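J.: Please find final_32.cif (mmCIF, C-alpha atoms and all ligand atoms) on the next line:
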```cif
data_input
loop_
_atom_site.label_atom_id
_atom_site.label_comp_id
_atom_site.auth_asym_id
_atom_site.auth_seq_id
_atom_site.Cartn_x
_atom_site.Cartn_y
_atom_site.Cartn_z
CA MET A 1 115.18 124.89 101.63
CA ILE A 2 114.19 124.19 98.02
CA THR A 3 117.12 123.27 95.76
CA MET A 4 117.45 122.06 92.15
CA GLU A 5 116.86 118.46 93.33
CA ASP A 6 113.30 119.44 94.26
CA ILE A 7 112.53 120.86 90.81
CA VAL A 8 110.54 118.44 88.67
CA LYS A 9 111.62 118.19 85.02
CA GLU A 10 109.46 118.06 81.87
CA GLY A 11 107.92 114.67 81.19
CA HIS A 12 106.75 114.38 84.80
CA ASP A 13 102.96 114.11 84.92
CA VAL A 14 102.46 116.84 87.55
CA LEU A 15 103.58 119.43 84.95
CA LYS A 16 100.73 118.38 82.65
CA GLN A 17 97.92 118.52 85.22
CA LYS A 18 95.54 121.33 86.15
CA ALA A 19 96.51 122.22 89.71
CA ASP A 20 93.94 122.45 92.52
CA GLU A 21 92.75 125.69 94.10
CA VAL A 22 94.27 126.34 97.53
CA SER A 23 91.56 126.68 100.20
CA LEU A 24 91.84 130.09 101.86
CA PRO A 25 92.86 131.18 104.41
CA PRO A 26 95.87 129.01 103.57
CA SER A 27 97.03 126.27 105.93
CA LYS A 28 100.31 126.80 107.78
CA GLU A 29 101.80 124.15 105.50
CA ASP A 30 100.70 125.87 102.25
CA GLN A 31 101.91 129.21 103.56
CA ASP A 32 105.26 127.71 104.51
CA THR A 33 105.62 126.04 101.10
CA LEU A 34 104.87 129.27 99.22
CA ALA A 35 107.37 131.13 101.43
CA GLN A 36 110.00 128.52 100.55
CA MET A 37 109.21 128.89 96.84
CA LEU A 38 109.71 132.65 97.06
CA GLU A 39 112.92 132.05 99.02
CA TYR A 40 114.16 129.77 96.23
CA VAL A 41 113.61 132.42 93.56
CA LYS A 42 115.30 135.10 95.68
CA ASN A 43 118.21 132.80 96.70
CA SER A 44 118.70 131.72 93.08
CA GLN A 45 119.42 135.32 92.11
CA ASP A 46 122.01 135.77 94.87
CA GLU A 47 125.36 134.92 93.27
CA LYS A 48 126.92 133.49 96.44
CA LEU A 49 123.90 131.38 97.45
CA ALA A 50 123.30 130.23 93.86
CA ASP A 51 126.93 129.06 93.68
CA LYS A 52 126.92 127.53 97.17
CA PHE A 53 123.72 125.50 96.59
CA ASN A 54 124.06 125.11 92.79
CA LEU A 55 120.77 126.90 92.07
CA ARG A 56 119.77 127.83 88.50
CA PRO A 57 118.88 131.55 88.70
CA GLY A 58 115.15 131.95 88.19
CA VAL A 59 112.56 134.73 88.15
CA GLY A 60 109.53 132.58 88.99
CA LEU A 61 108.43 129.17 90.22
CA ALA A 62 105.05 127.39 90.23
CA ALA A 63 104.09 124.73 92.80
CA PRO A 64 103.75 121.93 90.20
CA GLN A 65 107.47 122.44 89.52
CA ILE A 66 108.21 121.12 93.01
CA GLY A 67 105.73 118.27 92.50
CA LEU A 68 102.79 120.00 94.23
CA SER A 69 99.60 120.25 92.18
CA LYS A 70 98.35 123.39 93.95
CA ARG A 71 97.63 126.86 92.50
CA MET A 72 100.55 128.71 94.07
CA ILE A 73 103.33 130.70 92.33
CA ALA A 74 106.30 132.78 93.47
CA VAL A 75 107.88 135.56 91.39
CA HIS A 76 110.83 137.86 92.07
CA PHE A 77 112.19 140.06 89.28
CA THR A 78 112.74 143.59 88.00
CA ASP A 79 111.11 144.49 84.68
CA PHE A 80 112.69 146.45 81.81
CA ASN A 81 111.52 149.68 83.43
CA GLU A 82 113.40 148.78 86.63
CA ARG A 83 110.13 148.07 88.45
CA GLU A 84 110.52 145.38 91.17
CA TYR A 85 108.02 142.52 91.59
CA SER A 86 108.26 140.11 94.51
CA TYR A 87 105.20 138.02 95.33
CA GLY A 88 104.02 134.68 96.64
CA LEU A 89 100.51 134.26 95.19
CA PHE A 90 97.68 131.83 95.98
CA ASN A 91 95.08 131.07 93.27
CA PRO A 92 96.28 133.65 90.73
CA LYS A 93 93.66 134.26 88.03
CA ILE A 94 93.90 136.28 84.81
CA MET A 95 90.71 138.39 84.99
CA SER A 96 91.23 140.26 81.71
CA HIS A 97 93.84 140.71 79.02
CA SER A 98 94.66 142.82 75.96
CA VAL A 99 94.11 141.57 72.45
CA GLU A 100 97.58 142.90 71.66
CA GLU A 101 100.38 140.40 72.17
CA THR A 102 103.98 140.68 73.36
CA TYR A 103 106.98 138.36 73.39
CA LEU A 104 110.61 138.03 74.44
CA PRO A 105 112.75 138.37 71.28
CA ASP A 106 115.05 135.58 72.51
CA GLY A 107 112.18 133.24 73.31
CA GLU A 108 111.67 131.61 76.72
CA GLY A 109 113.19 128.86 78.84
CA CYS A 110 111.96 127.02 81.93
CA LEU A 111 113.49 125.81 85.17
CA SER A 112 111.83 122.45 84.44
CA VAL A 113 113.25 122.23 80.90
CA ASP A 114 116.96 121.35 80.57
CA ARG A 115 117.21 122.12 76.86
CA GLU A 116 117.03 125.09 74.52
CA VAL A 117 113.68 125.33 72.72
CA PRO A 118 114.03 128.10 70.11
CA GLY A 119 110.94 130.05 69.13
CA ILE A 120 108.87 133.12 69.88
CA VAL A 121 106.28 132.61 72.65
CA PRO A 122 103.29 134.92 72.02
CA ARG A 123 101.79 136.26 75.26
CA TYR A 124 99.09 138.85 76.05
CA ALA A 125 100.78 142.28 76.24
CA ARG A 126 98.65 143.42 79.21
CA ILE A 127 96.88 141.34 81.84
CA THR A 128 94.99 141.92 85.09
CA VAL A 129 95.67 139.20 87.68
CA LYS A 130 93.65 138.68 90.85
CA ALA A 131 95.26 136.63 93.64
CA THR A 132 95.79 136.32 97.38
CA THR A 133 99.29 137.11 98.56
CA LEU A 134 101.44 135.10 100.96
CA GLU A 135 100.51 137.73 103.57
CA GLY A 136 96.82 136.92 102.96
CA GLU A 137 95.71 140.09 101.17
CA GLU A 138 93.70 140.01 97.97
CA VAL A 139 95.51 141.91 95.22
CA LYS A 140 94.65 142.99 91.67
CA LEU A 141 97.85 143.32 89.59
CA ARG A 142 97.75 145.24 86.30
CA LEU A 143 100.83 143.99 84.39
CA LYS A 144 102.35 144.64 80.99
CA GLY A 145 105.40 143.54 79.01
CA TYR A 146 107.97 141.42 80.85
CA ALA A 147 105.92 141.30 84.07
CA ALA A 148 102.87 140.10 82.10
CA ILE A 149 105.06 137.44 80.44
CA VAL A 150 106.44 136.09 83.74
CA LEU A 151 102.98 135.83 85.34
CA GLN A 152 101.51 134.15 82.24
CA HIS A 153 104.42 131.67 82.17
CA GLU A 154 103.87 130.76 85.84
CA ILE A 155 100.04 130.61 85.64
CA ASP A 156 100.43 128.36 82.56
CA HIS A 157 102.23 125.85 84.82
CA LEU A 158 99.09 125.70 87.01
CA ASN A 159 97.16 124.63 83.90
CA GLY A 160 99.67 122.04 82.66
CA VAL A 161 100.87 124.32 79.84
CA MET A 162 104.58 124.64 78.93
CA PHE A 163 106.03 127.70 77.15
CA TYR A 164 106.82 125.70 74.00
CA ASP A 165 103.13 124.78 73.62
CA HIS A 166 102.63 128.36 72.41
CA ILE A 167 105.38 128.35 69.74
CA ASN A 168 104.06 128.48 66.17
CA GLN A 169 105.54 125.32 64.67
CA GLN A 170 105.15 126.62 61.07
CA SER A 171 107.24 129.74 61.72
CA PRO A 172 108.70 129.50 65.25
CA LEU A 173 111.01 132.52 64.91
CA THR A 174 108.44 134.91 63.40
CA PRO A 175 106.95 137.33 65.92
CA PRO A 176 103.12 137.27 65.72
CA ALA A 177 101.52 140.10 63.69
CA ASN A 178 100.46 143.20 65.70
CA ALA A 179 102.69 142.07 68.57
CA ILE A 180 105.10 144.35 70.40
CA SER A 181 108.41 143.19 71.89
CA ALA A 182 108.39 143.19 75.71
CA GLU A 183 111.45 145.45 75.57
CA GLU A 184 109.34 148.22 74.05
CA ILE A 185 106.39 148.29 76.44
C1 LIG B 1 114.34 129.38 82.90
C2 LIG B 1 115.16 130.63 83.14
C3 LIG B 1 116.01 130.94 81.92
C4 LIG B 1 116.05 130.41 84.35
C5 LIG B 1 114.23 131.82 83.35
N1 LIG B 1 115.02 132.98 83.68
C6 LIG B 1 114.95 134.06 82.88
O1 LIG B 1 114.19 134.09 81.90
N2 LIG B 1 115.75 135.13 83.07
C7 LIG B 1 116.32 135.56 84.23
C8 LIG B 1 116.62 134.75 85.33
C9 LIG B 1 117.17 135.35 86.47
F1 LIG B 1 117.43 134.64 87.54
C10 LIG B 1 117.44 136.68 86.50
C11 LIG B 1 117.13 137.43 85.40
F2 LIG B 1 117.39 138.72 85.46
C12 LIG B 1 116.58 136.90 84.27
C13 LIG B 1 113.24 131.59 84.47
O2 LIG B 1 113.61 131.74 85.63
N3 LIG B 1 111.96 131.23 84.15
C14 LIG B 1 111.07 130.89 85.26
C15 LIG B 1 110.43 129.52 85.09
O3 LIG B 1 110.94 128.62 84.45
N4 LIG B 1 109.28 129.41 85.71
O4 LIG B 1 108.57 128.27 85.65
C16 LIG B 1 111.41 131.22 82.79
C17 LIG B 1 111.06 132.66 82.36
C18 LIG B 1 110.70 132.69 80.87
C19 LIG B 1 109.76 133.82 80.70
C20 LIG B 1 109.15 134.09 82.04
C21 LIG B 1 109.83 133.25 83.06
ZN ZN B 2 108.67 127.41 83.76
#
```
Show me, as structure tokens, the structure contained in the file I just sent.
T.:
Amino acid sequence: MITMEDIVKEGHDVLKQKADEVSLPPSKEDQDTLAQMLEYVKNSQDEKLADKFNLRPGVGLAAPQIGLSKRMIAVHFTDFNEREYSYGLFNPKIMSHSVEETYLPDGEGCLSVDREVPGIVPRYARITVKATTLEGEEVKLRLKGYAAIVLQHEIDHLNGVMFYDHINQQSPLTPPANAISAEEI
């Protein structure tokens, strides 16, 4: 099973690279890896398992974070409208996005970053993501608010982008103009 020891921390080159497309249909190995990534995210949110295996609770994980430069991400979370999302995705691609931006008022963190980095992270408020699921079906996900933020954070990892790369250094704590907090969408 994946534990914190397997999670690569910032500074490691793999987190700065553009990850490779996964050839589909996925190999048994890629499928197994993505299943383990999804298992990690689910386990990390289970109090007992998180304590037992010392897992930092997470809502998403990208393959580069376990040292694998492949376009695979796993997400498991409930958004502010109590909607549940639980996916292992191959080759996720943002097909379109709103001009309007959103953000988390408390900023973001990252399982690969062991420090607080204060600042608002502007994200597209609405995105459409195309991907192939762990089960092998092609999906088109229309996401907004928190769900859009999580997917953008994870897809960024596939392009070597960290959340703090988006923070406005001049005024890190100022929400971008015409942006709406993710708690209001
Ligand atoms: C880095 C961390 C603070 C752990 C962040 N969690 C989080 O934002 N909230 C959270 C975690 C839970 F488990 C249950 C819950 F309800 C809320 C997170 O998992 N990530 C994933 C990550 O680092 N992926 O690479 C960072 C998030 C920041 C915005 C989107 C993902
Ligand atoms: Zn992250």
J.: Between chain A and ligand LIG 1 (chain B), at 9 Å or less, what are the per-residue closest atom pairs and their distances in Å? Count only C-alpha atoms and all ligand atoms, order by chain and rising residue number, and return it as a tab-separated table.
T.:
```
residue	atom	partner	partner_atom	distance
A:Val41	CA	B:LIG1	F1	7.5
A:Lys42	CA	B:LIG1	F1	8.4
A:Ser44	CA	B:LIG1	F1	6.4
A:Gln45	CA	B:LIG1	F1	5.0
A:Asp46	CA	B:LIG1	F1	8.7
A:Arg56	CA	B:LIG1	C4	6.1
A:Pro57	CA	B:LIG1	F1	3.6
A:Gly58	CA	B:LIG1	O2	3.0
A:Val59	CA	B:LIG1	O2	4.0
A:Gly60	CA	B:LIG1	C14	4.4
A:Leu61	CA	B:LIG1	N4	4.6
A:Ala62	CA	B:LIG1	O4	5.8
A:Gln65	CA	B:LIG1	O4	7.1
A:Ile73	CA	B:LIG1	O4	8.8
A:Ala74	CA	B:LIG1	N4	9.0
A:Val75	CA	B:LIG1	C14	8.3
A:His76	CA	B:LIG1	F1	8.6
A:Phe77	CA	B:LIG1	F2	6.6
A:Thr78	CA	B:LIG1	F2	7.2
A:Asp79	CA	B:LIG1	F2	8.6
A:Leu104	CA	B:LIG1	C19	7.6
A:Gly107	CA	B:LIG1	C18	7.7
A:Glu108	CA	B:LIG1	C18	4.4
A:Gly109	CA	B:LIG1	C1	4.3
A:Cys110	CA	B:LIG1	O3	3.2
A:Leu111	CA	B:LIG1	O3	3.9
A:Ser112	CA	B:LIG1	O3	6.2
A:Val113	CA	B:LIG1	C1	7.5
A:Asp114	CA	B:LIG1	C1	8.8
A:Val121	CA	B:LIG1	C19	8.9
A:Tyr146	CA	B:LIG1	C20	7.5
A:Ala147	CA	B:LIG1	C20	8.2
A:Ala148	CA	B:LIG1	C20	8.7
A:Ile149	CA	B:LIG1	C20	5.5
A:Val150	CA	B:LIG1	C20	3.8
A:Leu151	CA	B:LIG1	C20	7.2
A:Gln152	CA	B:LIG1	C20	7.6
A:His153	CA	B:LIG1	C20	5.3
A:Glu154	CA	B:LIG1	O4	5.3
A:Ile155	CA	B:LIG1	O4	8.8
A:Asp156	CA	B:LIG1	O4	8.7
A:His157	CA	B:LIG1	O4	6.8
A:Met162	CA	B:LIG1	O4	8.6
A:Phe163	CA	B:LIG1	C18	7.8
```
J.: Write a file of the selected residues as a short mmCIF file (atom, residue, chain, number, x, y, z; two decimals), in the frame of the given file, keeping C-alpha atoms.
T.:
```cif
data_model
loop_
_atom_site.label_atom_id
_atom_site.label_comp_id
_atom_site.auth_asym_id
_atom_site.auth_seq_id
_atom_site.Cartn_x
_atom_site.Cartn_y
_atom_site.Cartn_z
CA VAL A 41 113.61 132.42 93.56
CA LYS A 42 115.30 135.10 95.68
CA SER A 44 118.70 131.72 93.08
CA GLN A 45 119.42 135.32 92.11
CA ASP A 46 122.01 135.77 94.87
CA ARG A 56 119.77 127.83 88.50
CA PRO A 57 118.88 131.55 88.70
CA GLY A 58 115.15 131.95 88.19
CA VAL A 59 112.56 134.73 88.15
CA GLY A 60 109.53 132.58 88.99
CA LEU A 61 108.43 129.17 90.22
CA ALA A 62 105.05 127.39 90.23
CA GLN A 65 107.47 122.44 89.52
CA ILE A 73 103.33 130.70 92.33
CA ALA A 74 106.30 132.78 93.47
CA VAL A 75 107.88 135.56 91.39
CA HIS A 76 110.83 137.86 92.07
CA PHE A 77 112.19 140.06 89.28
CA THR A 78 112.74 143.59 88.00
CA ASP A 79 111.11 144.49 84.68
CA LEU A 104 110.61 138.03 74.44
CA GLY A 107 112.18 133.24 73.31
CA GLU A 108 111.67 131.61 76.72
CA GLY A 109 113.19 128.86 78.84
CA CYS A 110 111.96 127.02 81.93
CA LEU A 111 113.49 125.81 85.17
CA SER A 112 111.83 122.45 84.44
CA VAL A 113 113.25 122.23 80.90
CA ASP A 114 116.96 121.35 80.57
CA VAL A 121 106.28 132.61 72.65
CA TYR A 146 107.97 141.42 80.85
CA ALA A 147 105.92 141.30 84.07
CA ALA A 148 102.87 140.10 82.10
CA ILE A 149 105.06 137.44 80.44
CA VAL A 150 106.44 136.09 83.74
CA LEU A 151 102.98 135.83 85.34
CA GLN A 152 101.51 134.15 82.24
CA HIS A 153 104.42 131.67 82.17
CA GLU A 154 103.87 130.76 85.84
CA ILE A 155 100.04 130.61 85.64
CA ASP A 156 100.43 128.36 82.56
CA HIS A 157 102.23 125.85 84.82
CA MET A 162 104.58 124.64 78.93
CA PHE A 163 106.03 127.70 77.15
#
```
J.: Please determine, counting all atoms listed in the file, which residue among A:His166, A:Ile180, A:Ser96, A:Gly119 has the shortest atom-to-atom distance to Lys140 of chain A.
T.: A:Ser96
J.: For ligand ZN 2 (chain B), which residue out of A:Pro172, A:Ala177, A:Glu82, A:Asp165 is the nearest one, using all atoms listed in the file?
T.: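 When distances to ligand ZN 2 (chain B) are compared using all atoms listed in the file, the smallest one comes from A:Asp165.
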J.: Check the smallest atom-to-atom distance from each of A:Asn159, A:Thr133, A:Asn81, A:Ser171 to ligand ZN 2 (chain B) using all atoms listed in the file, then report the winner.
T.: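 Of A:Asn159, A:Thr133, A:Asn81, A:Ser171, the one nearest ligand ZN 2 (chain B), counting all atoms listed in the file, is A:Asn159.
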J.: Measuring between all atoms listed in the file, which one of A:Met95, A:Leu34, A:Ala63, A:Met4 shows the shortest distance to Ala50 of chain A?
T.: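 Among the listed residues, the smallest separation from Ala50 of chain A belongs to A:Met4.
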J.: Just how far from atom CA of Ala182 of chain A is atom CA of Ser98 of chain A, in Å to one decimal?
T.: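 For atom CA of Ser98 of chain A relative to atom CA of Ala182 of chain A, the distance reads 13.7 Å.
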